[in-house]
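Colleague: Just one file: model.pdb, with PDB, C-alpha atoms.
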ATOM      1  CA  MET A  16     -26.152 -31.770   1.181
ATOM      2  CA  SER A  17     -22.766 -30.638  -0.047
ATOM      3  CA  THR A  18     -19.566 -32.580   0.607
ATOM      4  CA  PRO A  19     -18.236 -31.572   4.052
ATOM      5  CA  SER A  20     -15.208 -29.297   3.824
ATOM      6  CA  LEU A  21     -13.847 -30.577   7.147
ATOM      7  CA  SER A  22     -13.574 -34.140   8.366
ATOM      8  CA  LEU A  23     -15.620 -34.449  11.558
ATOM      9  CA  PRO A  24     -13.645 -36.101  14.366
ATOM     10  CA  GLY A  25     -14.874 -39.119  16.264
ATOM     11  CA  GLY A  26     -16.895 -40.908  13.604
ATOM     12  CA  THR A  27     -20.512 -41.812  14.350
ATOM     13  CA  TRP A  28     -22.680 -43.327  17.086
ATOM     14  CA  THR A  29     -26.098 -44.961  16.972
ATOM     15  CA  LEU A  30     -28.863 -43.574  19.186
ATOM     16  CA  GLY A  31     -31.399 -46.378  18.975
ATOM     17  CA  ASP A  32     -31.889 -46.558  15.213
ATOM     18  CA  LEU A  33     -30.519 -43.060  14.547
ATOM     19  CA  THR A  34     -26.925 -42.678  13.367
ATOM     20  CA  VAL A  35     -25.365 -39.362  14.370
ATOM     21  CA  THR A  36     -21.956 -37.765  14.143
ATOM     22  CA  ARG A  37     -20.154 -37.926  17.485
ATOM     23  CA  PHE A  38     -19.232 -34.289  16.961
ATOM     24  CA  GLY A  39     -22.575 -32.504  17.128
ATOM     25  CA  TYR A  40     -23.742 -28.969  17.740
ATOM     26  CA  GLY A  41     -25.468 -27.403  20.748
ATOM     27  CA  ALA A  42     -27.831 -24.584  19.794
ATOM     28  CA  MET A  43     -28.198 -22.940  23.211
ATOM     29  CA  GLN A  44     -25.732 -20.121  22.497
ATOM     30  CA  LEU A  45     -27.736 -18.964  19.490
ATOM     31  CA  ALA A  46     -30.223 -17.240  21.792
ATOM     32  CA  GLY A  47     -29.536 -13.854  23.377
ATOM     33  CA  PRO A  48     -27.439 -13.195  26.511
ATOM     34  CA  TRP A  49     -27.975 -15.787  29.260
ATOM     35  CA  VAL A  50     -30.090 -17.785  26.808
ATOM     36  CA  MET A  51     -32.865 -15.184  26.811
ATOM     37  CA  GLY A  52     -34.365 -13.382  23.843
ATOM     38  CA  PRO A  53     -33.278 -13.237  20.210
ATOM     39  CA  PRO A  54     -29.663 -13.223  19.009
ATOM     40  CA  THR A  55     -27.938  -9.930  18.340
ATOM     41  CA  ASP A  56     -27.022 -11.196  14.867
ATOM     42  CA  ARG A  57     -29.913 -13.267  13.528
ATOM     43  CA  GLU A  58     -28.362 -13.797  10.102
ATOM     44  CA  GLY A  59     -25.140 -14.894  11.775
ATOM     45  CA  ALA A  60     -27.046 -17.445  13.864
ATOM     46  CA  LEU A  61     -28.732 -18.857  10.770
ATOM     47  CA  ALA A  62     -25.358 -19.021   9.035
ATOM     48  CA  VAL A  63     -23.864 -21.089  11.886
ATOM     49  CA  LEU A  64     -26.655 -23.661  11.624
ATOM     50  CA  ARG A  65     -26.298 -23.949   7.869
ATOM     51  CA  GLU A  66     -22.530 -24.180   8.175
ATOM     52  CA  ALA A  67     -22.838 -26.968  10.744
ATOM     53  CA  VAL A  68     -25.298 -29.117   8.831
ATOM     54  CA  VAL A  69     -25.017 -28.255   5.152
ATOM     55  CA  ASP A  70     -21.310 -27.452   4.854
ATOM     56  CA  LEU A  71     -19.724 -29.547   7.608
ATOM     57  CA  GLY A  72     -22.030 -32.562   7.720
ATOM     58  CA  ILE A  73     -23.017 -32.483  11.408
ATOM     59  CA  THR A  74     -26.083 -34.688  11.903
ATOM     60  CA  HIS A  75     -26.760 -34.142  15.637
ATOM     61  CA  ILE A  76     -28.204 -30.847  16.925
ATOM     62  CA  ASP A  77     -29.150 -30.373  20.569
ATOM     63  CA  THR A  78     -31.807 -27.799  21.432
ATOM     64  CA  SER A  79     -34.828 -27.043  23.617
ATOM     65  CA  ASP A  80     -37.913 -24.900  23.248
ATOM     66  CA  ALA A  81     -36.906 -23.353  26.605
ATOM     67  CA  TYR A  82     -33.869 -21.701  24.994
ATOM     68  CA  GLY A  83     -34.879 -18.122  24.378
ATOM     69  CA  PRO A  84     -37.577 -19.357  25.031
ATOM     70  CA  ARG A  85     -38.534 -20.706  21.582
ATOM     71  CA  VAL A  86     -35.692 -18.793  19.930
ATOM     72  CA  THR A  87     -33.281 -21.602  19.042
ATOM     73  CA  ASN A  88     -35.979 -23.919  17.725
ATOM     74  CA  GLU A  89     -37.332 -21.180  15.481
ATOM     75  CA  LEU A  90     -33.836 -20.476  14.177
ATOM     76  CA  ILE A  91     -33.267 -24.175  13.459
ATOM     77  CA  ARG A  92     -36.545 -24.360  11.564
ATOM     78  CA  GLU A  93     -35.819 -21.218   9.550
ATOM     79  CA  ALA A  94     -32.289 -22.269   8.675
ATOM     80  CA  LEU A  95     -32.781 -25.950   7.923
ATOM     81  CA  HIS A  96     -36.422 -26.904   7.287
ATOM     82  CA  PRO A  97     -37.209 -29.067   5.360
ATOM     83  CA  TYR A  98     -34.587 -31.051   7.238
ATOM     84  CA  PRO A  99     -32.125 -33.440   5.585
ATOM     85  CA  GLU A 100     -32.983 -37.079   6.287
ATOM     86  CA  SER A 101     -29.588 -37.492   7.946
ATOM     87  CA  LEU A 102     -30.194 -34.720  10.505
ATOM     88  CA  HIS A 103     -31.435 -35.685  13.966
ATOM     89  CA  ILE A 104     -32.607 -33.002  16.387
ATOM     90  CA  VAL A 105     -32.491 -33.756  20.110
ATOM     91  CA  THR A 106     -34.556 -31.667  22.481
ATOM     92  CA  LYS A 107     -35.323 -31.646  26.198
ATOM     93  CA  VAL A 108     -38.298 -30.980  28.427
ATOM     94  CA  GLY A 109     -38.753 -30.573  32.166
ATOM     95  CA  ALA A 110     -37.950 -26.894  32.684
ATOM     96  CA  THR A 111     -39.228 -23.557  31.473
ATOM     97  CA  ARG A 112     -37.989 -19.979  31.716
ATOM     98  CA  ASP A 113     -39.250 -17.180  33.925
ATOM     99  CA  GLU A 114     -39.046 -13.442  33.296
ATOM    100  CA  GLN A 115     -35.921 -13.206  35.470
ATOM    101  CA  GLY A 116     -34.084 -15.749  33.309
ATOM    102  CA  GLY A 117     -34.479 -18.572  35.811
ATOM    103  CA  TRP A 118     -35.112 -22.236  34.965
ATOM    104  CA  PRO A 119     -38.123 -23.316  37.063
ATOM    105  CA  THR A 120     -38.915 -27.007  36.877
ATOM    106  CA  ALA A 121     -41.966 -28.106  34.887
ATOM    107  CA  ARG A 122     -42.295 -31.856  35.190
ATOM    108  CA  ARG A 123     -45.973 -32.417  35.892
ATOM    109  CA  PRO A 124     -47.618 -34.579  33.222
ATOM    110  CA  GLU A 125     -49.534 -31.623  31.770
ATOM    111  CA  ASP A 126     -46.314 -29.564  31.657
ATOM    112  CA  LEU A 127     -44.456 -32.257  29.766
ATOM    113  CA  ARG A 128     -47.246 -32.843  27.279
ATOM    114  CA  ARG A 129     -47.377 -29.126  26.536
ATOM    115  CA  GLN A 130     -43.593 -28.903  26.103
ATOM    116  CA  VAL A 131     -43.475 -31.843  23.727
ATOM    117  CA  HIS A 132     -46.201 -30.293  21.581
ATOM    118  CA  ASP A 133     -44.465 -26.892  21.749
ATOM    119  CA  ASN A 134     -41.238 -28.470  20.477
ATOM    120  CA  LEU A 135     -43.100 -30.233  17.677
ATOM    121  CA  THR A 136     -44.710 -26.953  16.635
ATOM    122  CA  SER A 137     -41.639 -24.723  16.830
ATOM    123  CA  LEU A 138     -39.450 -27.244  14.972
ATOM    124  CA  ARG A 139     -42.279 -28.085  12.534
ATOM    125  CA  LEU A 140     -41.997 -31.822  13.088
ATOM    126  CA  ASP A 141     -44.531 -34.621  13.366
ATOM    127  CA  VAL A 142     -42.286 -36.674  15.656
ATOM    128  CA  LEU A 143     -39.303 -35.747  17.831
ATOM    129  CA  ASP A 144     -36.234 -37.924  17.259
ATOM    130  CA  LEU A 145     -35.063 -37.880  20.876
ATOM    131  CA  VAL A 146     -36.402 -36.155  23.988
ATOM    132  CA  ASN A 147     -34.366 -35.840  27.179
ATOM    133  CA  LEU A 148     -36.164 -35.438  30.492
ATOM    134  CA  ARG A 149     -34.363 -32.673  32.389
ATOM    135  CA  LEU A 150     -34.165 -33.456  36.086
ATOM    136  CA  GLY A 151     -32.688 -31.674  39.101
ATOM    137  CA  ASN A 152     -32.400 -27.902  38.973
ATOM    138  CA  ALA A 153     -29.949 -25.159  38.078
ATOM    139  CA  GLU A 154     -27.701 -26.321  40.932
ATOM    140  CA  GLY A 155     -27.332 -29.796  39.443
ATOM    141  CA  PRO A 156     -28.867 -33.261  39.821
ATOM    142  CA  GLN A 157     -31.177 -33.813  42.793
ATOM    143  CA  PRO A 158     -32.279 -37.160  44.244
ATOM    144  CA  GLY A 159     -35.849 -38.317  43.828
ATOM    145  CA  SER A 160     -38.042 -40.537  41.687
ATOM    146  CA  LEU A 161     -38.576 -39.635  38.038
ATOM    147  CA  ALA A 162     -41.282 -42.234  37.513
ATOM    148  CA  GLU A 163     -44.334 -40.021  36.960
ATOM    149  CA  ALA A 164     -42.523 -37.639  34.608
ATOM    150  CA  PHE A 165     -40.720 -40.348  32.658
ATOM    151  CA  GLU A 166     -43.857 -42.467  32.319
ATOM    152  CA  THR A 167     -45.574 -39.431  30.792
ATOM    153  CA  LEU A 168     -42.889 -39.280  28.094
ATOM    154  CA  VAL A 169     -43.219 -43.015  27.537
ATOM    155  CA  GLU A 170     -46.950 -42.489  26.902
ATOM    156  CA  LEU A 171     -46.130 -39.796  24.341
ATOM    157  CA  GLN A 172     -43.599 -42.150  22.767
ATOM    158  CA  GLN A 173     -46.277 -44.842  22.498
ATOM    159  CA  GLN A 174     -48.512 -42.270  20.796
ATOM    160  CA  GLY A 175     -45.852 -41.839  18.110
ATOM    161  CA  LEU A 176     -44.751 -38.321  19.063
ATOM    162  CA  ILE A 177     -41.267 -39.316  20.290
ATOM    163  CA  ARG A 178     -38.876 -41.894  18.828
ATOM    164  CA  HIS A 179     -36.312 -42.226  21.613
ATOM    165  CA  LEU A 180     -35.890 -41.116  25.217
ATOM    166  CA  GLY A 181     -33.040 -39.953  27.416
ATOM    167  CA  VAL A 182     -32.441 -38.206  30.714
ATOM    168  CA  SER A 183     -30.493 -35.071  31.577
ATOM    169  CA  ASN A 184     -29.037 -33.644  34.801
ATOM    170  CA  ALA A 185     -29.667 -37.040  36.377
ATOM    171  CA  THR A 186     -28.189 -39.059  39.223
ATOM    172  CA  GLU A 187     -27.023 -42.594  38.514
ATOM    173  CA  GLU A 188     -29.987 -43.878  40.521
ATOM    174  CA  GLN A 189     -32.372 -41.933  38.290
ATOM    175  CA  VAL A 190     -30.687 -43.341  35.182
ATOM    176  CA  THR A 191     -31.260 -46.841  36.549
ATOM    177  CA  GLU A 192     -34.877 -46.036  37.439
ATOM    178  CA  ALA A 193     -35.547 -44.690  33.928
ATOM    179  CA  GLN A 194     -34.092 -47.856  32.398
ATOM    180  CA  SER A 195     -36.416 -49.956  34.559
ATOM    181  CA  ILE A 196     -39.379 -48.151  32.957
ATOM    182  CA  ALA A 197     -38.297 -47.939  29.302
ATOM    183  CA  PRO A 198     -35.105 -48.015  27.227
ATOM    184  CA  ILE A 199     -33.028 -44.840  27.077
ATOM    185  CA  VAL A 200     -30.460 -44.050  24.395
ATOM    186  CA  CYS A 201     -28.535 -41.250  26.082
ATOM    187  CA  VAL A 202     -27.689 -39.477  29.318
ATOM    188  CA  GLN A 203     -26.915 -35.773  29.138
ATOM    189  CA  ASN A 204     -25.089 -34.511  32.246
ATOM    190  CA  MET A 205     -22.489 -31.903  33.105
ATOM    191  CA  TYR A 206     -19.051 -33.369  32.517
ATOM    192  CA  ASN A 207     -15.705 -32.069  31.335
ATOM    193  CA  LEU A 208     -12.005 -32.386  31.940
ATOM    194  CA  ALA A 209     -12.226 -30.795  35.394
ATOM    195  CA  HIS A 210     -15.632 -32.160  36.479
ATOM    196  CA  ARG A 211     -15.395 -35.950  36.463
ATOM    197  CA  HIS A 212     -18.201 -36.994  38.808
ATOM    198  CA  ASP A 213     -19.743 -39.295  36.189
ATOM    199  CA  ASP A 214     -16.655 -41.341  35.331
ATOM    200  CA  LYS A 215     -18.142 -44.615  36.608
ATOM    201  CA  LEU A 216     -21.501 -43.878  34.979
ATOM    202  CA  ILE A 217     -19.863 -43.207  31.615
ATOM    203  CA  ASP A 218     -18.032 -46.535  31.749
ATOM    204  CA  ARG A 219     -21.217 -48.369  32.719
ATOM    205  CA  LEU A 220     -23.223 -46.766  29.914
ATOM    206  CA  ALA A 221     -20.503 -47.617  27.404
ATOM    207  CA  THR A 222     -20.941 -51.315  28.205
ATOM    208  CA  GLU A 223     -24.714 -50.900  27.732
ATOM    209  CA  GLY A 224     -24.410 -49.093  24.396
ATOM    210  CA  VAL A 225     -25.926 -45.892  25.802
ATOM    211  CA  ALA A 226     -24.526 -42.522  24.730
ATOM    212  CA  TYR A 227     -23.227 -39.980  27.221
ATOM    213  CA  VAL A 228     -23.552 -36.368  26.091
ATOM    214  CA  PRO A 229     -21.687 -33.886  28.308
ATOM    215  CA  PHE A 230     -23.187 -30.435  28.579
ATOM    216  CA  PHE A 231     -20.788 -27.604  29.441
ATOM    217  CA  PRO A 232     -17.933 -29.633  27.841
ATOM    218  CA  LEU A 233     -15.768 -26.509  28.016
ATOM    219  CA  GLY A 234     -16.944 -25.340  31.436
ATOM    220  CA  GLY A 235     -20.057 -23.422  30.395
ATOM    221  CA  PHE A 236     -20.340 -19.943  31.875
ATOM    222  CA  THR A 237     -17.033 -20.549  33.731
ATOM    223  CA  PRO A 238     -14.531 -21.685  31.075
ATOM    224  CA  LEU A 239     -12.029 -24.364  32.015
ATOM    225  CA  GLN A 240      -8.795 -23.073  33.498
ATOM    226  CA  SER A 241      -5.886 -25.335  34.385
ATOM    227  CA  SER A 242      -2.142 -24.920  34.249
ATOM    228  CA  GLU A 243      -1.823 -28.559  33.167
ATOM    229  CA  LEU A 244      -4.328 -28.048  30.367
ATOM    230  CA  SER A 245      -2.516 -24.904  29.242
ATOM    231  CA  ALA A 246       0.811 -26.757  29.270
ATOM    232  CA  VAL A 247      -0.489 -29.566  27.046
ATOM    233  CA  ALA A 248      -2.096 -27.030  24.711
ATOM    234  CA  ALA A 249       1.154 -25.072  24.420
ATOM    235  CA  ARG A 250       3.063 -28.245  23.624
ATOM    236  CA  LEU A 251       0.568 -29.087  20.875
ATOM    237  CA  LYS A 252       0.377 -25.486  19.637
ATOM    238  CA  ALA A 253      -3.371 -25.588  20.189
ATOM    239  CA  THR A 254      -5.928 -23.800  22.340
ATOM    240  CA  PRO A 255      -6.868 -25.236  25.750
ATOM    241  CA  MET A 256     -10.478 -25.599  24.602
ATOM    242  CA  SER A 257      -9.403 -27.647  21.585
ATOM    243  CA  VAL A 258      -7.445 -29.994  23.825
ATOM    244  CA  ALA A 259     -10.415 -30.330  26.189
ATOM    245  CA  LEU A 260     -12.693 -31.378  23.321
ATOM    246  CA  ALA A 261     -10.128 -33.823  21.935
ATOM    247  CA  TRP A 262      -9.770 -35.375  25.397
ATOM    248  CA  LEU A 263     -13.539 -35.922  25.642
ATOM    249  CA  LEU A 264     -13.642 -37.804  22.346
ATOM    250  CA  ARG A 265     -10.772 -39.997  23.556
ATOM    251  CA  ARG A 266     -12.277 -40.477  27.022
ATOM    252  CA  SER A 267     -14.896 -43.004  25.839
ATOM    253  CA  ARG A 268     -16.404 -44.130  22.562
ATOM    254  CA  ASN A 269     -19.949 -43.410  23.799
ATOM    255  CA  ILE A 270     -19.272 -39.710  24.457
ATOM    256  CA  LEU A 271     -20.959 -37.372  21.967
ATOM    257  CA  LEU A 272     -19.971 -33.697  21.806
ATOM    258  CA  ILE A 273     -22.414 -30.796  21.480
ATOM    259  CA  PRO A 274     -20.248 -27.666  21.955
ATOM    260  CA  GLY A 275     -22.136 -24.476  21.189
ATOM    261  CA  THR A 276     -21.045 -21.322  19.443
ATOM    262  CA  SER A 277     -22.607 -18.424  17.562
ATOM    263  CA  SER A 278     -19.585 -18.052  15.252
ATOM    264  CA  THR A 279     -18.852 -20.059  12.104
ATOM    265  CA  ALA A 280     -15.121 -19.506  12.601
ATOM    266  CA  HIS A 281     -15.306 -20.813  16.173
ATOM    267  CA  LEU A 282     -17.349 -23.798  15.007
ATOM    268  CA  ARG A 283     -14.594 -24.761  12.588
ATOM    269  CA  GLU A 284     -11.946 -24.206  15.268
ATOM    270  CA  ASN A 285     -13.827 -26.556  17.582
ATOM    271  CA  ILE A 286     -13.993 -29.261  14.922
ATOM    272  CA  THR A 287     -10.311 -28.941  14.058
ATOM    273  CA  GLY A 288      -9.369 -28.914  17.737
ATOM    274  CA  ALA A 289     -11.448 -31.979  18.587
ATOM    275  CA  GLY A 290      -9.455 -33.866  15.965
ATOM    276  CA  LEU A 291      -6.130 -33.291  17.728
ATOM    277  CA  SER A 292      -3.936 -36.336  18.233
ATOM    278  CA  LEU A 293      -3.155 -36.771  21.929
ATOM    279  CA  SER A 294      -0.171 -38.841  23.019
ATOM    280  CA  HIS A 295      -0.103 -41.173  26.018
ATOM    281  CA  GLU A 296       1.831 -38.471  27.883
ATOM    282  CA  ASP A 297      -0.803 -35.860  27.007
ATOM    283  CA  LEU A 298      -3.622 -38.111  28.162
ATOM    284  CA  THR A 299      -1.886 -38.937  31.428
ATOM    285  CA  GLU A 300      -1.420 -35.253  32.253
ATOM    286  CA  LEU A 301      -4.990 -34.406  31.322
ATOM    287  CA  ASP A 302      -6.488 -37.327  33.235
ATOM    288  CA  ASP A 303      -4.852 -36.063  36.410
ATOM    289  CA  ILE A 304      -6.682 -32.705  36.253
ATOM    290  CA  GLY A 305     -10.080 -33.978  37.332
ATOM    291  CA  ARG A 306      -8.771 -36.516  39.823
TER     292      ARG A 306
END
For this file, write the structure as structure tokens.
Modeller:
Amino acid sequence: MSTPSLSLPGGTWTLGDLTVTRFGYGAMQLAGPWVMGPPTDREGALAVLREAVVDLGITHIDTSDAYGPRVTNELIREALHPYPESLHIVTKVGATRDEQGGWPTARRPEDLRRQVHDNLTSLRLDVLDLVNLRLGNAEGPQPGSLAEAFETLVELQQQGLIRHLGVSNATEEQVTEAQSIAPIVCVQNMYNLAHRHDDKLIDRLATEGVAYVPFFPLGGFTPLQSSELSAVAARLKATPMSVALAWLLRRSRNILLIPGTSSTAHLRENITGAGLSLSHEDLTELDDIGR
């Protein structure tokens, strides 16, 4: 791996026995529109992955075989296999895609076993570093026991197919239930400057040494918009999205970032932006947005 040409903000975090950069990369946007089908610019997508890992030193990629479906995993394999020892790929199971672009749940034991094997095949791996169990639905977390589904992943972990486990789109009660069954190393939920529902959970996980990985850190399909955010960005001569990423890294040491992009230029902008220095005044203004 070449020497990174940018210094990644945030340092590193340990997921179980895996050390990853706190600034990671989410591969979802490499698929076609609405995460369906192949990318318009396949060579551009491959270039983003190589830029992230080989040139910039990112060691944490988030993906799923449901993206595309199968598209992002195949791109990761083509761009980066054989993988550097330092690279850790995180995937998720628990949902599939239908022909209309929906995300139907698929959490029966046979569904989960198939998805784990599909991820192993498409990524060309013998063992998956970390698998998140996706709960809830497209509307968000939903109450209910995860025991049967999570125990299935624990069985696959005991078989040597998965190193570490996490949960995604989960309620705090489901996080606690998962921890009563087996250790988890991360929780991946929707969270950003304007959506702060998991504040207490983040603080609790930080004391337990468990990572919190916000998806849609910039708002997802509805980008963050706030006059306060824009005012801080203008004062810092930065973009609002850069400020939002920098705030997340400052919010808690256990937060790991996985912003997605299909552009190498935007990837570098995100990294530079996440390294912004925020003053006490900046943080106070930003904290008030989600409260």
Colleague: Could you give me, as JSON, numbers by chain, the residues that have an atom at most 8 Å away from the point (-23.1, -28.6, 20.9) in the coordinates of the file, using all atoms listed in the file?
Modeller: {"A": [38, 39, 40, 41, 42, 43, 76, 77, 230, 272, 273, 274, 275, 276]}
Colleague: Go through A:Ser294, A:Thr136, A:Ser183, A:Thr74 and flag the residue nearest Thr34 (chain A), using only C-alpha atoms for the distances.
Modeller: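 Ranked by minimum distance to Thr34 (chain A), first place goes to A:Thr74.
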Colleague: Skipping near chain neighbours, those fewer than 4 positions away, what residues fall within 9 Å of region 45-58 of chain A using only C-alpha atoms, listed as a PyMOL selection string?
Modeller: chain A and resi 41+62-63+81-87+90+112+116+275-277
Colleague: Pick out the residues sitting within 9 Å of Pro158 (chain A), and hand them over as a list of chain:residue names; count only C-alpha atoms, and ignore anything fewer than 6 positions along from it in its own chain.
Modeller: A:Gly151, A:Ala185, A:Thr186, A:Glu188, A:Gln189
Colleague: Next, dump the selected residues to file, keeping only C-alpha atoms, as a PDB file, in the coordinates of the input.
Modeller:
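The result, stored in result.pdb:
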ATOM      1  CA  GLY A 151     -32.688 -31.674  39.101  1.00  0.00           C
ATOM      2  CA  ALA A 185     -29.667 -37.040  36.377  1.00  0.00           C
ATOM      3  CA  THR A 186     -28.189 -39.059  39.223  1.00  0.00           C
ATOM      4  CA  GLU A 188     -29.987 -43.878  40.521  1.00  0.00           C
ATOM      5  CA  GLN A 189     -32.372 -41.933  38.290  1.00  0.00           C
TER       6      GLN A 189
END
Colleague: What residues come out when you apply the PyMOL selection byres ((chain A and resi 301) around 10) to this file, written as a PyMOL selection string?
Modeller: chain A and resi 208-209+241+243-244+246-247+258-259+262+293+295-300+302-306
Colleague: With the PyMOL selection byres ((chain A and resi 167) around 10) as the selection, what would be picked from this file? Answer as a short mmCIF file (atom, residue, chain, number, x, y, z; two decimals) with C-alpha atoms, in the frame of the given file, please.
Modeller:
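Full text of result.cif as output:
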data_model
loop_
_atom_site.label_atom_id
_atom_site.label_comp_id
_atom_site.auth_asym_id
_atom_site.auth_seq_id
_atom_site.Cartn_x
_atom_site.Cartn_y
_atom_site.Cartn_z
CA ARG A 122 -42.30 -31.86 35.19
CA ARG A 123 -45.97 -32.42 35.89
CA PRO A 124 -47.62 -34.58 33.22
CA GLU A 125 -49.53 -31.62 31.77
CA ASP A 126 -46.31 -29.56 31.66
CA LEU A 127 -44.46 -32.26 29.77
CA ARG A 128 -47.25 -32.84 27.28
CA ALA A 162 -41.28 -42.23 37.51
CA GLU A 163 -44.33 -40.02 36.96
CA ALA A 164 -42.52 -37.64 34.61
CA PHE A 165 -40.72 -40.35 32.66
CA GLU A 166 -43.86 -42.47 32.32
CA LEU A 168 -42.89 -39.28 28.09
CA VAL A 169 -43.22 -43.02 27.54
CA GLU A 170 -46.95 -42.49 26.90
CA LEU A 171 -46.13 -39.80 24.34
CA GLN A 172 -43.60 -42.15 22.77
CA GLN A 173 -46.28 -44.84 22.50
#
Colleague: Have a look at CA of His210 (chain A) and CA of Asn88 (chain A) and let me know their distance in Å, one decimal.
Modeller: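 So the two atoms, CA of His210 (chain A) and CA of Asn88 (chain A), lie 28.9 Å apart.
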Colleague: Grab the CA of Gly290 (chain A) to CA of Lys107 (chain A) distance for me, in Å with one decimal place.
Modeller: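 About the pair CA of Gly290 (chain A) and CA of Lys107 (chain A): they are 27.9 Å apart.
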Colleague: Using only C-alpha atoms, which protein or nucleic acid residues come within 8 Å of Thr106 (chain A)? Drop anything in the same chain fewer than 2 positions from it, and give the result as number ranges by chain.
Modeller: A: 77-80, 104, 108, 134, 143, 145-147
Colleague: Carefully work through the PyMOL selection byres ((chain A and resi 253-256) around 10) for this structure and note down the residues it includes, as a ChimeraX atom specification.
Modeller: /A:232-234,238-252,257-262,284-285,287-289,291
Colleague: In Å to one decimal, how far is CA of His103 (chain A) from CA of Glu187 (chain A)?
Modeller: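 About the pair CA of Glu187 (chain A) and CA of His103 (chain A): they are 25.9 Å apart.
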Colleague: Which polymer residues have any atom within 10 Å of an atom of Glu93 (chain A), counting all atoms listed in the file, with same-chain residues fewer than 3 positions away left out, as a PDB file with C-alpha atoms, in the frame of the given file?
Modeller:
ATOM      1  CA  LEU A  61     -28.732 -18.857  10.770  1.00  0.00           C
ATOM      2  CA  LEU A  64     -26.655 -23.661  11.624  1.00  0.00           C
ATOM      3  CA  THR A  87     -33.281 -21.602  19.042  1.00  0.00           C
ATOM      4  CA  ASN A  88     -35.979 -23.919  17.725  1.00  0.00           C
ATOM      5  CA  GLU A  89     -37.332 -21.180  15.481  1.00  0.00           C
ATOM      6  CA  LEU A  90     -33.836 -20.476  14.177  1.00  0.00           C
ATOM      7  CA  HIS A  96     -36.422 -26.904   7.287  1.00  0.00           C
ATOM      8  CA  PRO A  97     -37.209 -29.067   5.360  1.00  0.00           C
ATOM      9  CA  SER A 137     -41.639 -24.723  16.830  1.00  0.00           C
ATOM     10  CA  LEU A 138     -39.450 -27.244  14.972  1.00  0.00           C
ATOM     11  CA  ARG A 139     -42.279 -28.085  12.534  1.00  0.00           C
TER      12      ARG A 139
END
Colleague: If you take every atom of region 134-148 of chain A that the file lists and fit an axis-aligned box around them with 6 Å extra on each side, what centre and edge lengths come out in Å to one decimal, as JSON?
Modeller:
{"center_x": -39.5, "center_y": -31.3, "center_z": 21.5, "size_x": 22.3, "size_y": 25.2, "size_z": 30.0}
Colleague: Nearest residue to Thr27 (chain A) out of A:Leu71, A:Ile270, A:Leu263, A:Leu148, using all atoms listed in the file?
Modeller: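 Counting all atoms listed in the file, the residue closest to Thr27 (chain A) is A:Ile270.
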Colleague: Can you tell me which residues surround Gly181 (chain A) at a distance of at most 6 Å, considering all atoms listed in the file, apart from same-chain residues fewer than 2 positions away, and format the answer as a list of chain:residue names?
Modeller: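 These residues fall inside the cut-off: A:Asn147, A:Ile199, A:Val200, A:Cys201, A:Val202.
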Colleague: Between A:Ser292, A:Ser22, A:Ser195, A:Ser267, which has the minimum distance to Val228 (chain A) (counting only C-alpha atoms)?
Modeller: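 Among A:Ser292, A:Ser22, A:Ser195, A:Ser267, it is A:Ser267 that comes nearest to Val228 (chain A).
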